[in-house]
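Q: See target.txt below, with compact mmCIF, C-alpha atoms and all ligand atoms.
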# COMPACT_ATOMS: atom_id res chain seq x y z
CA MET A 1 5.12 17.51 3.62
CA ALA A 2 5.20 15.50 6.79
CA PRO A 3 8.59 16.15 8.39
CA GLU A 4 9.32 12.50 9.00
CA ALA A 5 8.76 11.41 5.39
CA PRO A 6 12.13 10.26 4.03
CA VAL A 7 11.46 11.25 0.45
CA THR A 8 13.67 9.30 -1.85
CA SER A 9 13.77 9.47 -5.60
CA ALA A 10 14.39 6.38 -7.63
CA PRO A 11 17.98 5.74 -8.69
CA GLU A 12 18.62 6.63 -12.29
CA ASP A 13 20.73 3.60 -13.07
CA GLY A 14 18.16 0.94 -12.30
CA PRO A 15 14.92 0.08 -10.62
CA THR A 16 14.22 0.40 -6.93
CA ASP A 17 14.17 -3.15 -5.62
CA VAL A 18 11.65 -3.94 -2.91
CA ASP A 19 9.41 -6.77 -1.83
CA LEU A 20 6.22 -4.80 -2.24
CA ALA A 21 5.33 -1.82 -4.43
CA ILE A 22 2.40 0.19 -3.11
CA VAL A 23 0.59 2.61 -5.40
CA GLY A 24 -0.84 5.41 -3.31
CA ALA A 25 0.62 6.97 -0.18
CA GLY A 26 -2.75 7.79 1.32
CA PRO A 27 -3.80 6.39 4.69
CA THR A 28 -4.27 2.93 3.18
CA GLY A 29 -0.85 2.84 1.54
CA LEU A 30 0.91 4.30 4.56
CA TYR A 31 -0.61 1.80 6.93
CA GLY A 32 0.13 -0.91 4.37
CA ALA A 33 3.79 0.12 4.40
CA TYR A 34 3.82 -0.11 8.18
CA TYR A 35 2.19 -3.52 8.23
CA ALA A 36 4.29 -4.94 5.41
CA GLY A 37 7.39 -3.74 7.23
CA PHE A 38 6.15 -5.28 10.44
CA ARG A 39 5.84 -8.55 8.53
CA GLY A 40 9.40 -8.28 7.21
CA LEU A 41 8.79 -6.83 3.75
CA SER A 42 10.54 -3.85 2.22
CA THR A 43 8.23 -1.42 0.45
CA ALA A 44 8.14 1.46 -2.00
CA LEU A 45 5.26 3.93 -1.95
CA VAL A 46 4.50 5.58 -5.28
CA ASP A 47 2.20 8.58 -5.32
CA ALA A 48 1.30 11.17 -7.90
CA LEU A 49 1.01 13.80 -5.19
CA PRO A 50 4.10 15.60 -3.88
CA GLU A 51 3.49 14.55 -0.28
CA PRO A 52 2.14 11.50 1.52
CA GLY A 53 -1.36 11.49 2.99
CA GLY A 54 -3.70 11.18 0.00
CA GLN A 55 -7.02 12.98 0.35
CA VAL A 56 -6.36 13.74 4.00
CA ALA A 57 -3.20 15.73 3.38
CA SER A 58 -4.33 17.35 0.16
CA MET A 59 -7.96 18.21 0.98
CA TYR A 60 -8.48 18.53 4.72
CA PRO A 61 -5.24 18.62 6.74
CA GLU A 62 -6.76 21.05 9.28
CA LYS A 63 -10.07 19.23 9.73
CA LEU A 64 -10.65 17.60 13.09
CA LEU A 65 -11.33 13.88 12.78
CA TYR A 66 -13.41 12.12 15.39
CA ASP A 67 -13.60 8.61 13.96
CA ILE A 68 -10.02 7.41 14.34
CA ALA A 69 -9.67 4.56 16.82
CA ALA A 70 -7.99 5.56 20.09
CA HIS A 71 -7.97 9.24 19.09
CA PRO A 72 -10.95 11.23 20.39
CA ALA A 73 -9.96 14.05 18.04
CA LEU A 74 -6.99 14.80 15.82
CA THR A 75 -6.39 16.79 12.67
CA GLY A 76 -5.86 15.28 9.27
CA ARG A 77 -2.26 16.49 9.38
CA GLU A 78 -1.70 14.74 12.70
CA LEU A 79 -3.19 11.54 11.32
CA VAL A 80 -0.86 11.58 8.31
CA ASP A 81 2.15 12.44 10.45
CA ASN A 82 1.32 9.54 12.75
CA LEU A 83 0.97 7.14 9.84
CA VAL A 84 4.28 8.28 8.35
CA ARG A 85 5.96 8.00 11.75
CA GLN A 86 4.47 4.55 12.32
CA ALA A 87 5.88 3.26 9.03
CA ALA A 88 9.26 5.03 9.35
CA PRO A 89 11.12 2.33 11.34
CA PHE A 90 10.70 0.05 8.33
CA GLU A 91 12.17 2.65 5.97
CA PRO A 92 9.70 2.60 3.11
CA ARG A 93 10.99 4.25 -0.06
CA TYR A 94 8.84 7.22 -1.13
CA LEU A 95 8.53 8.00 -4.82
CA LEU A 96 6.37 11.12 -4.73
CA GLY A 97 5.19 13.16 -7.66
CA GLU A 98 5.28 9.98 -9.70
CA THR A 99 2.20 8.49 -11.33
CA ALA A 100 2.27 4.73 -11.74
CA THR A 101 1.46 4.00 -15.35
CA THR A 102 2.75 0.54 -16.21
CA LEU A 103 3.11 -2.87 -14.61
CA VAL A 104 4.98 -5.61 -16.43
CA ALA A 105 6.19 -9.03 -15.39
CA ASP A 106 9.94 -9.53 -15.04
CA GLY A 107 10.39 -13.23 -14.40
CA PRO A 108 9.04 -13.87 -10.91
CA ARG A 109 8.88 -10.14 -10.19
CA TRP A 110 6.90 -7.14 -11.33
CA ILE A 111 8.23 -3.87 -12.64
CA LEU A 112 6.07 -0.87 -11.99
CA GLY A 113 6.84 2.16 -14.12
CA THR A 114 5.93 5.79 -13.61
CA ASP A 115 5.23 8.70 -15.89
CA ARG A 116 8.62 10.21 -15.01
CA GLY A 117 10.57 7.11 -15.87
CA ALA A 118 11.12 5.69 -12.39
CA ARG A 119 10.89 1.94 -12.02
CA VAL A 120 10.16 -0.18 -8.98
CA ARG A 121 10.91 -3.87 -9.11
CA ALA A 122 8.78 -5.76 -6.63
CA ARG A 123 9.59 -9.23 -5.48
CA ALA A 124 6.75 -11.61 -6.06
CA ARG A 125 6.44 -15.31 -5.86
CA ARG A 126 3.47 -15.39 -8.14
CA GLY A 127 1.28 -12.81 -9.77
CA ALA A 128 -2.45 -12.74 -10.03
CA PRO A 129 -3.70 -15.66 -12.10
CA ARG A 130 -4.06 -15.03 -15.76
CA ARG A 131 -7.45 -15.47 -17.28
CA GLY A 132 -8.52 -19.08 -17.16
CA GLN A 133 -5.72 -20.16 -14.85
CA GLY A 134 -7.33 -19.49 -11.50
CA PRO A 135 -9.35 -22.03 -9.55
CA PRO A 136 -13.13 -22.08 -9.97
CA PRO A 137 -14.95 -19.52 -7.83
CA ARG A 138 -15.91 -20.79 -4.43
CA ARG A 139 -19.54 -20.83 -3.44
CA ALA A 140 -20.77 -19.40 -0.18
CA PRO A 141 -21.78 -22.12 2.32
CA PRO A 142 -25.52 -22.42 2.99
CA PRO A 143 -26.88 -20.26 5.83
CA ARG A 144 -27.02 -21.89 9.23
CA ALA A 145 -30.47 -22.07 10.79
CA GLY A 146 -30.75 -19.65 13.70
CA GLY A 147 -27.11 -18.67 13.54
CA PRO A 148 -25.31 -15.64 12.21
CA PRO A 149 -24.95 -15.38 8.45
CA ALA A 150 -22.16 -17.48 7.03
CA PRO A 151 -19.11 -15.51 5.95
CA GLU A 152 -18.65 -14.84 2.27
CA PRO A 153 -15.82 -16.78 0.64
CA SER A 154 -12.64 -14.83 0.27
CA SER A 155 -12.43 -12.79 -2.89
CA SER A 156 -8.64 -12.54 -2.70
CA PRO A 157 -7.07 -13.93 -5.82
CA PRO A 158 -4.71 -16.78 -5.16
CA GLY A 159 -1.05 -16.21 -5.55
CA TRP A 160 -0.89 -12.52 -4.76
CA ALA A 161 2.62 -11.42 -4.29
CA ARG A 162 4.37 -12.96 -1.33
CA SER A 163 7.93 -12.50 -0.37
CA PRO A 164 10.13 -15.41 0.54
CA ARG A 165 10.95 -13.34 3.60
CA ALA A 166 7.29 -13.35 4.69
CA GLY A 167 7.71 -16.93 5.88
C1 LIG B 201 -13.48 16.45 2.36
C2 LIG B 201 -13.30 15.04 2.88
C3 LIG B 201 -13.49 14.79 4.23
C4 LIG B 201 -13.34 13.48 4.73
N1 LIG B 201 -13.50 13.25 6.07
C5 LIG B 201 -13.31 12.02 6.57
C6 LIG B 201 -13.43 11.75 7.97
O1 LIG B 201 -13.73 12.65 8.77
N2 LIG B 201 -13.24 10.50 8.41
C7 LIG B 201 -12.92 9.49 7.55
O2 LIG B 201 -12.74 8.36 8.00
N3 LIG B 201 -12.79 9.70 6.22
C8 LIG B 201 -12.99 10.92 5.72
N4 LIG B 201 -12.86 11.13 4.37
C9 LIG B 201 -12.54 9.99 3.50
C10 LIG B 201 -11.03 9.66 3.59
O3 LIG B 201 -10.27 10.80 3.25
C11 LIG B 201 -10.72 8.53 2.63
O4 LIG B 201 -11.49 7.41 3.01
C12 LIG B 201 -9.24 8.19 2.69
O5 LIG B 201 -8.45 9.27 2.26
C13 LIG B 201 -8.96 6.96 1.83
O6 LIG B 201 -7.59 6.67 1.94
P1 LIG B 201 -6.82 5.88 0.81
O7 LIG B 201 -5.38 5.84 1.20
O8 LIG B 201 -7.52 4.60 0.56
O9 LIG B 201 -7.06 6.75 -0.53
P2 LIG B 201 -6.62 8.24 -0.85
O10 LIG B 201 -6.57 9.10 0.36
O11 LIG B 201 -7.54 8.65 -1.96
O12 LIG B 201 -5.15 8.09 -1.41
C14 LIG B 201 -4.92 7.44 -2.64
C15 LIG B 201 -3.61 7.95 -3.17
O13 LIG B 201 -3.28 7.17 -4.32
C16 LIG B 201 -2.66 8.03 -5.25
N5 LIG B 201 -2.77 7.39 -6.55
C17 LIG B 201 -3.88 6.86 -7.13
N6 LIG B 201 -3.56 6.33 -8.32
C18 LIG B 201 -2.24 6.52 -8.48
C19 LIG B 201 -1.31 6.18 -9.51
N7 LIG B 201 -1.66 5.52 -10.64
N8 LIG B 201 0.00 6.54 -9.37
C20 LIG B 201 0.40 7.20 -8.25
N9 LIG B 201 -0.44 7.54 -7.24
C21 LIG B 201 -1.73 7.20 -7.37
C22 LIG B 201 -3.41 9.35 -5.12
O14 LIG B 201 -2.62 10.44 -5.57
C23 LIG B 201 -3.66 9.40 -3.62
O15 LIG B 201 -2.67 10.13 -2.92
C24 LIG B 201 -13.02 12.42 3.84
C25 LIG B 201 -12.82 12.69 2.47
C26 LIG B 201 -12.94 13.99 2.00
C27 LIG B 201 -12.72 14.26 0.51
If you convert what's in this file into structure tokens, what do you get?
A:
Amino acid sequence: MAPEAPVTSAPEDGPTDVDLAIVGAGPTGLYGAYYAGFRGLSTALVDALPEPGGQVASMYPEKLLYDIAAHPALTGRELVDNLVRQAAPFEPRYLLGETATTLVADGPRWILGTDRGARVRARARRGAPRRGQGPPPRRAPPPRAGGPPAPEPSSSPPGWARSPRAG
């Protein structure tokens, strides 16, 4: 396990309360925890594996990576350690060895449950729209003559969880 990872188990008397629950402590989740923290959100990282790092930590920690920005070469282990260290100032909660199995609404929040009985309550202003409640899909604008291709419309569903603290 990365030495900096403050592994925390969920309290037994109630859910872990955070702004954002992240399933997966691979590179994506770890960077997500950093960025969410940077934006003022508290986070919990839930991962079925016993250590953070996803595929990198579990499958190729010793491999040299050459395609990481600003790093001519570093090992998978170093990459994971850096990601954990980068997120650490924002004190993400780590629930490792826990597989996320359920997600249920709890008023304006969501409760994520794991196979070992841990629960994470994530603050959310609004969930993803239920079927039939979202706006009609947006169409891509017509291509501009001679110019670069027009960007695709965003596929992000409206109303994804936002914290009041996000501003
Ligand atoms: C052998 C190999 C070599 C590679 N080499 C390179 C390389 O040189 N350069 C490069 O850029 N990429 C490389 N990749 C690809 C790179 O590893 C992936 O793109 C990267 O790991 C994706 O990160 P991620 O966080 O999105 O997903 P993952 O690393 O897959 O992490 C996802 C995490 O989510 C957890 N998870 C999923 N579902 C649940 C659930 N329900 N509950 C709890 N936890 C859950 C998993 O346990 C896992 O830890 C390589 C991949 C392999 C297999």
Q: Could you tell me which of A:Leu74, A:Leu41, A:Leu65, A:Leu83 comes closest to Ala25 (chain A) if we count all atoms listed in the file?
A: A:Leu83
Q: Using only C-alpha atoms and all ligand atoms, I'd like a table of the residues in chain A that come within 9 Å of ligand LIG 201 (chain B); for each, show the closest atom pair and its distance in Å rounded to one decimal, ordered by chain and ascending number, as a tab-separated table.
A:
residue	atom	partner	partner_atom	distance
A:Ile22	CA	B:LIG201	N9	8.9
A:Val23	CA	B:LIG201	N9	5.4
A:Gly24	CA	B:LIG201	O13	3.2
A:Ala25	CA	B:LIG201	C15	5.3
A:Gly26	CA	B:LIG201	O7	3.3
A:Pro27	CA	B:LIG201	O7	3.9
A:Thr28	CA	B:LIG201	O7	3.7
A:Gly29	CA	B:LIG201	O7	5.4
A:Leu30	CA	B:LIG201	O7	7.3
A:Tyr31	CA	B:LIG201	O7	8.5
A:Leu45	CA	B:LIG201	N9	8.6
A:Val46	CA	B:LIG201	C20	5.3
A:Asp47	CA	B:LIG201	N9	3.4
A:Ala48	CA	B:LIG201	N9	4.1
A:Leu49	CA	B:LIG201	O14	5.0
A:Pro50	CA	B:LIG201	O14	8.6
A:Glu51	CA	B:LIG201	O15	8.0
A:Pro52	CA	B:LIG201	O15	6.7
A:Gly53	CA	B:LIG201	O15	6.2
A:Gly54	CA	B:LIG201	O15	3.3
A:Gln55	CA	B:LIG201	O10	3.9
A:Val56	CA	B:LIG201	O3	4.9
A:Ala57	CA	B:LIG201	O10	8.0
A:Ser58	CA	B:LIG201	O15	8.0
A:Met59	CA	B:LIG201	C1	6.0
A:Tyr60	CA	B:LIG201	C1	5.9
A:Lys63	CA	B:LIG201	O1	7.6
A:Leu64	CA	B:LIG201	O1	7.3
A:Leu65	CA	B:LIG201	O1	4.8
A:Tyr66	CA	B:LIG201	O1	6.6
A:Asp67	CA	B:LIG201	N2	5.9
A:Ile68	CA	B:LIG201	O2	7.0
A:Gly76	CA	B:LIG201	O1	8.3
A:Leu95	CA	B:LIG201	C20	8.9
A:Leu96	CA	B:LIG201	C20	8.0
A:Gly97	CA	B:LIG201	C20	7.7
A:Glu98	CA	B:LIG201	C20	5.8
A:Thr99	CA	B:LIG201	N8	3.5
A:Ala100	CA	B:LIG201	N8	3.7
A:Thr101	CA	B:LIG201	N7	5.9
A:Thr102	CA	B:LIG201	N7	8.7
A:Thr114	CA	B:LIG201	N8	7.3
A:Asp115	CA	B:LIG201	N8	8.6
Q: Work out how far CA of Ala88 (chain A) is from CA of Ile111 (chain A), in Å to one decimal.
A: 23.7 Å
Q: Quick one: pull the distance between CA of Ala105 (chain A) and CA of Ala21 (chain A), Å, one decimal.
A: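 Atom-to-atom, CA of Ala105 (chain A) to CA of Ala21 (chain A), that is 13.1 Å.
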Q: So which one's closest to Glu91 (chain A), A:Leu112, A:Phe38, A:Thr75, A:Val120? Using all atoms listed in the file, please.
A: A:Phe38
Q: Do you have the CA of Ala44 (chain A)-CA of Val84 (chain A) distance handy?
A: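 If I compute the distance from CA of Ala44 (chain A) to CA of Val84 (chain A), I get 13.0 Å.
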Q: Starting from 3 Å padding per side, set up an axis-aligned box that covers all listed atoms of region 77-89 of chain A and hand over centre and edge lengths in Å, one decimal, as JSON.
A:
{"center_x": 4.0, "center_y": 9.4, "center_z": 10.5, "size_x": 20.3, "size_y": 20.2, "size_z": 10.4}
Q: For Pro89 (chain A), work out the shell of residues within 12 Å, counting all atoms listed in the file and skipping chain neighbours fewer than 2 positions away, then give it as a PDB file with C-alpha atoms, keeping the file's coordinate frame.
A:
ATOM      1  CA  GLU A   4       9.320  12.500   9.000  1.00  0.00           C
ATOM      2  CA  ALA A   5       8.760  11.410   5.390  1.00  0.00           C
ATOM      3  CA  PRO A   6      12.130  10.260   4.030  1.00  0.00           C
ATOM      4  CA  ALA A  33       3.790   0.120   4.400  1.00  0.00           C
ATOM      5  CA  TYR A  34       3.820  -0.110   8.180  1.00  0.00           C
ATOM      6  CA  TYR A  35       2.190  -3.520   8.230  1.00  0.00           C
ATOM      7  CA  ALA A  36       4.290  -4.940   5.410  1.00  0.00           C
ATOM      8  CA  GLY A  37       7.390  -3.740   7.230  1.00  0.00           C
ATOM      9  CA  PHE A  38       6.150  -5.280  10.440  1.00  0.00           C
ATOM     10  CA  GLY A  40       9.400  -8.280   7.210  1.00  0.00           C
ATOM     11  CA  SER A  42      10.540  -3.850   2.220  1.00  0.00           C
ATOM     12  CA  THR A  43       8.230  -1.420   0.450  1.00  0.00           C
ATOM     13  CA  LEU A  83       0.970   7.140   9.840  1.00  0.00           C
ATOM     14  CA  VAL A  84       4.280   8.280   8.350  1.00  0.00           C
ATOM     15  CA  ARG A  85       5.960   8.000  11.750  1.00  0.00           C
ATOM     16  CA  GLN A  86       4.470   4.550  12.320  1.00  0.00           C
ATOM     17  CA  ALA A  87       5.880   3.260   9.030  1.00  0.00           C
ATOM     18  CA  GLU A  91      12.170   2.650   5.970  1.00  0.00           C
ATOM     19  CA  PRO A  92       9.700   2.600   3.110  1.00  0.00           C
ATOM     20  CA  ARG A  93      10.990   4.250  -0.060  1.00  0.00           C
TER      21      ARG A  93
END
Q: Kindly indicate which residue among A:Gly117, A:Pro61, A:Pro108, A:Gly32 lies nearest to Glu78 (chain A), using only C-alpha atoms for the distances.
A: A:Pro61
